[in-house]
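**Student:** Have a look at this one.
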Amino acid sequence: MAAPSNRVLLMLAAFLGSLAIALGGILWLTKDIRPGDGVAQQGAVGGPFTLTDQDGKAITNEAFRGKPFLIFFGFTHCPDVCPTTLFEISEIMRKLGKDADHTAALFVSVDPERDTPEKLKDYLSNFDPHLRGATSTPDGIAAIAKSFRVYYKKVPTSGDDYTMDHTALVYLMDKDGRFVAPFNIKRAPEASAEELRRYF
């Protein structure tokens with residue numbers, strides 16, 4: 001039998017690396033969850049933040065007070081995981097119908113060098129309008145990433161180009177802005193919509 005090509009081995013290594021990051025993120029996030037109640041200790045994940053939204057306006061955690069919301073970290077040049085995740089979140093919002101106004105979703109860029117508010121606005125025009133985008137200075141992104149325990153790293157590709165490795169979890173936050181759990185979007189959007197309704 002012929003030996004696997006270098007390309008196949010590289011693809012396999014990339015897949016396993018992404019899987020390890022995702023699993024490691026889940027373990028890191030949930031290590032402070034109290035057994036039996038599924039609720040993280042207060043302050044374990046998340047916290048106050050001030051960012052800039054896709055309209056160039058300041059956005060803080062207080063903008064989401066009173067409603068459960070989803071938060072996802074990614075970047076607009078992401079080839080697959082980010083657009084797929086945002087599409088799935090959009091489908092959940094669509095299934096919620098009018099109830100989508102009782103929740104929210106925030107897409108935080110881990111690539112502030114390229115993801116300006118204008119870039120985010122253009123990118124998010126492809127998804128549900130309940131999705132808001134946010135960026136900041138490199139220090140601002142580092143601060144919110146630390147509070148949400150998000151891993152991200154610039155990875156050079158060809159020439160001066162680069163991509164970003166990052167935690168690919170969707171976080172469910174309650175009406176008080178406290179972390180509930182990683183939110184499972186790999187299921188029927190109707191099921192995800194029903195779970196979100198439980199936190200209204």
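Ligands are numbered from 1 in the order shown, chains are lettered A, B, ... in the order of the structure tokens, and residues start at 1 in each chain.
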Pick out the residues sitting within 9 Å of segment 192-195 of chain A, and hand them over as a list in words; count only C-alpha atoms, and ignore anything fewer than 2 positions along from it in its own chain.
**Tutor:**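 With the cut-off at 9 Å, the set is Ile92, Met93, Arg94, Lys95, Leu96, Ala100, Phe183, Asn184, Ile185, Lys186, Arg187, Ala188, Pro189, Glu190, Arg197, Arg198 and Tyr199 of chain A.
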**Student:** Just to be explicit: take each residue in the selection above, keep N, CA and C atoms, and write the result as a PDB file, in the first residue's frame.
**Tutor:**
```pdb
ATOM      1  N   ILE A  92     -30.320  29.734  14.304  1.00  0.00           N
ATOM      2  CA  ILE A  92     -30.981  29.703  15.614  1.00  0.00           C
ATOM      3  C   ILE A  92     -31.845  30.946  15.783  1.00  0.00           C
ATOM      4  N   MET A  93     -31.302  32.103  15.423  1.00  0.00           N
ATOM      5  CA  MET A  93     -32.066  33.345  15.533  1.00  0.00           C
ATOM      6  C   MET A  93     -33.304  33.296  14.638  1.00  0.00           C
ATOM      7  N   ARG A  94     -33.154  32.729  13.473  1.00  0.00           N
ATOM      8  CA  ARG A  94     -34.297  32.622  12.552  1.00  0.00           C
ATOM      9  C   ARG A  94     -35.379  31.725  13.145  1.00  0.00           C
ATOM     10  N   LYS A  95     -34.970  30.631  13.779  1.00  0.00           N
ATOM     11  CA  LYS A  95     -35.940  29.726  14.403  1.00  0.00           C
ATOM     12  C   LYS A  95     -36.623  30.362  15.606  1.00  0.00           C
ATOM     13  N   LEU A  96     -35.943  31.287  16.263  1.00  0.00           N
ATOM     14  CA  LEU A  96     -36.548  31.978  17.397  1.00  0.00           C
ATOM     15  C   LEU A  96     -37.659  32.929  16.960  1.00  0.00           C
ATOM     16  N   ALA A 100     -36.242  36.242  19.024  1.00  0.00           N
ATOM     17  CA  ALA A 100     -34.825  36.593  18.847  1.00  0.00           C
ATOM     18  C   ALA A 100     -34.514  37.954  19.463  1.00  0.00           C
ATOM     19  N   PHE A 183     -22.048  26.516  24.434  1.00  0.00           N
ATOM     20  CA  PHE A 183     -23.351  26.309  23.804  1.00  0.00           C
ATOM     21  C   PHE A 183     -23.205  25.407  22.588  1.00  0.00           C
ATOM     22  N   ASN A 184     -23.970  24.338  22.568  1.00  0.00           N
ATOM     23  CA  ASN A 184     -23.894  23.359  21.487  1.00  0.00           C
ATOM     24  C   ASN A 184     -24.714  23.821  20.289  1.00  0.00           C
ATOM     25  N   ILE A 185     -24.055  24.161  19.203  1.00  0.00           N
ATOM     26  CA  ILE A 185     -24.770  24.552  17.988  1.00  0.00           C
ATOM     27  C   ILE A 185     -24.756  23.442  16.946  1.00  0.00           C
ATOM     28  N   LYS A 186     -24.128  22.318  17.270  1.00  0.00           N
ATOM     29  CA  LYS A 186     -24.063  21.192  16.331  1.00  0.00           C
ATOM     30  C   LYS A 186     -25.268  20.272  16.530  1.00  0.00           C
ATOM     31  N   ARG A 187     -26.430  20.838  16.387  1.00  0.00           N
ATOM     32  CA  ARG A 187     -27.686  20.115  16.525  1.00  0.00           C
ATOM     33  C   ARG A 187     -28.732  20.895  15.739  1.00  0.00           C
ATOM     34  N   ALA A 188     -29.940  20.384  15.708  1.00  0.00           N
ATOM     35  CA  ALA A 188     -30.999  21.089  14.986  1.00  0.00           C
ATOM     36  C   ALA A 188     -31.184  22.485  15.585  1.00  0.00           C
ATOM     37  N   PRO A 189     -31.296  23.511  14.748  1.00  0.00           N
ATOM     38  CA  PRO A 189     -31.449  24.873  15.290  1.00  0.00           C
ATOM     39  C   PRO A 189     -32.682  25.029  16.166  1.00  0.00           C
ATOM     40  N   GLU A 190     -33.707  24.213  15.929  1.00  0.00           N
ATOM     41  CA  GLU A 190     -34.893  24.258  16.780  1.00  0.00           C
ATOM     42  C   GLU A 190     -34.537  23.900  18.228  1.00  0.00           C
ATOM     43  N   ARG A 197     -34.425  29.797  24.900  1.00  0.00           N
ATOM     44  CA  ARG A 197     -35.668  30.294  25.504  1.00  0.00           C
ATOM     45  C   ARG A 197     -35.727  30.022  27.008  1.00  0.00           C
ATOM     46  N   ARG A 198     -35.065  28.969  27.463  1.00  0.00           N
ATOM     47  CA  ARG A 198     -35.075  28.632  28.888  1.00  0.00           C
ATOM     48  C   ARG A 198     -34.436  29.732  29.730  1.00  0.00           C
ATOM     49  N   TYR A 199     -33.598  30.565  29.118  1.00  0.00           N
ATOM     50  CA  TYR A 199     -32.866  31.577  29.875  1.00  0.00           C
ATOM     51  C   TYR A 199     -33.461  32.981  29.724  1.00  0.00           C
TER      52      TYR A 199
END
```
**Student:** Which residue out of A:Ser90, A:Ser125, A:Ser147, A:Thr137 has the minimum interatomic distance to Gly47 of chain A when only C-alpha atoms are used?
**Tutor:** A:Ser147
**Student:** Compile the contact shell of segment 103-105 of chain A as a ChimeraX atom specification: residues with an atom at most 12 Å away, counting only C-alpha atoms, same-chain residues fewer than 6 positions apart removed.
**Tutor:** /A:61,63-73,85-94,96-97,124,127-134,170-175,177,183,193,195-200
**Student:** Those selected residues, please, written with C-alpha atoms and delivered as a JSON list (two decimals), in the first residue's frame.
**Tutor:**
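Listing of again-v9.json after writing:
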```
[["chain", "number", "residue", "atom", "x", "y", "z"],
["A", 61, "ASN", "CA", -21.23, 44.11, 28.54],
["A", 63, "ALA", "CA", -25.55, 46.41, 26.35],
["A", 64, "PHE", "CA", -26.55, 42.76, 26.91],
["A", 65, "ARG", "CA", -27.89, 43.15, 30.43],
["A", 66, "GLY", "CA", -31.31, 41.57, 30.90],
["A", 67, "LYS", "CA", -31.07, 39.01, 28.11],
["A", 68, "PRO", "CA", -29.13, 35.80, 27.58],
["A", 69, "PHE", "CA", -26.62, 36.03, 24.77],
["A", 70, "LEU", "CA", -24.11, 34.03, 22.79],
["A", 71, "ILE", "CA", -20.53, 35.15, 22.25],
["A", 72, "PHE", "CA", -18.10, 33.75, 19.72],
["A", 73, "PHE", "CA", -14.46, 34.70, 19.02],
["A", 85, "THR", "CA", -20.56, 29.01, 13.21],
["A", 86, "LEU", "CA", -22.08, 32.40, 12.40],
["A", 87, "PHE", "CA", -24.42, 30.76, 9.89],
["A", 88, "GLU", "CA", -25.53, 28.27, 12.54],
["A", 89, "ILE", "CA", -26.13, 31.08, 15.05],
["A", 90, "SER", "CA", -28.12, 32.91, 12.36],
["A", 91, "GLU", "CA", -30.26, 29.82, 11.87],
["A", 92, "ILE", "CA", -30.98, 29.70, 15.61],
["A", 93, "MET", "CA", -32.07, 33.34, 15.53],
["A", 94, "ARG", "CA", -34.30, 32.62, 12.55],
["A", 96, "LEU", "CA", -36.55, 31.98, 17.40],
["A", 97, "GLY", "CA", -38.62, 34.31, 15.23],
["A", 124, "LEU", "CA", -21.84, 40.52, 9.11],
["A", 127, "PHE", "CA", -25.73, 36.89, 8.59],
["A", 128, "ASP", "CA", -28.72, 37.50, 10.85],
["A", 129, "PRO", "CA", -29.04, 41.15, 11.97],
["A", 130, "HIS", "CA", -29.17, 40.10, 15.64],
["A", 131, "LEU", "CA", -25.44, 39.28, 15.31],
["A", 132, "ARG", "CA", -23.24, 42.19, 16.36],
["A", 133, "GLY", "CA", -19.54, 42.44, 15.67],
["A", 134, "ALA", "CA", -16.85, 43.91, 17.91],
["A", 170, "VAL", "CA", -19.73, 29.50, 21.50],
["A", 171, "TYR", "CA", -20.29, 30.81, 25.03],
["A", 172, "LEU", "CA", -23.77, 31.02, 26.56],
["A", 173, "MET", "CA", -24.11, 33.92, 29.00],
["A", 174, "ASP", "CA", -27.17, 34.45, 31.21],
["A", 175, "LYS", "CA", -29.23, 37.63, 31.70],
["A", 177, "GLY", "CA", -23.78, 38.37, 31.99],
["A", 183, "PHE", "CA", -23.35, 26.31, 23.80],
["A", 193, "ALA", "CA", -33.58, 27.87, 20.05],
["A", 195, "GLU", "CA", -32.55, 25.92, 25.03],
["A", 196, "LEU", "CA", -32.01, 29.65, 24.64],
["A", 197, "ARG", "CA", -35.67, 30.29, 25.50],
["A", 198, "ARG", "CA", -35.08, 28.63, 28.89],
["A", 199, "TYR", "CA", -32.87, 31.58, 29.87],
["A", 200, "PHE", "CA", -35.21, 34.43, 28.83]]
```
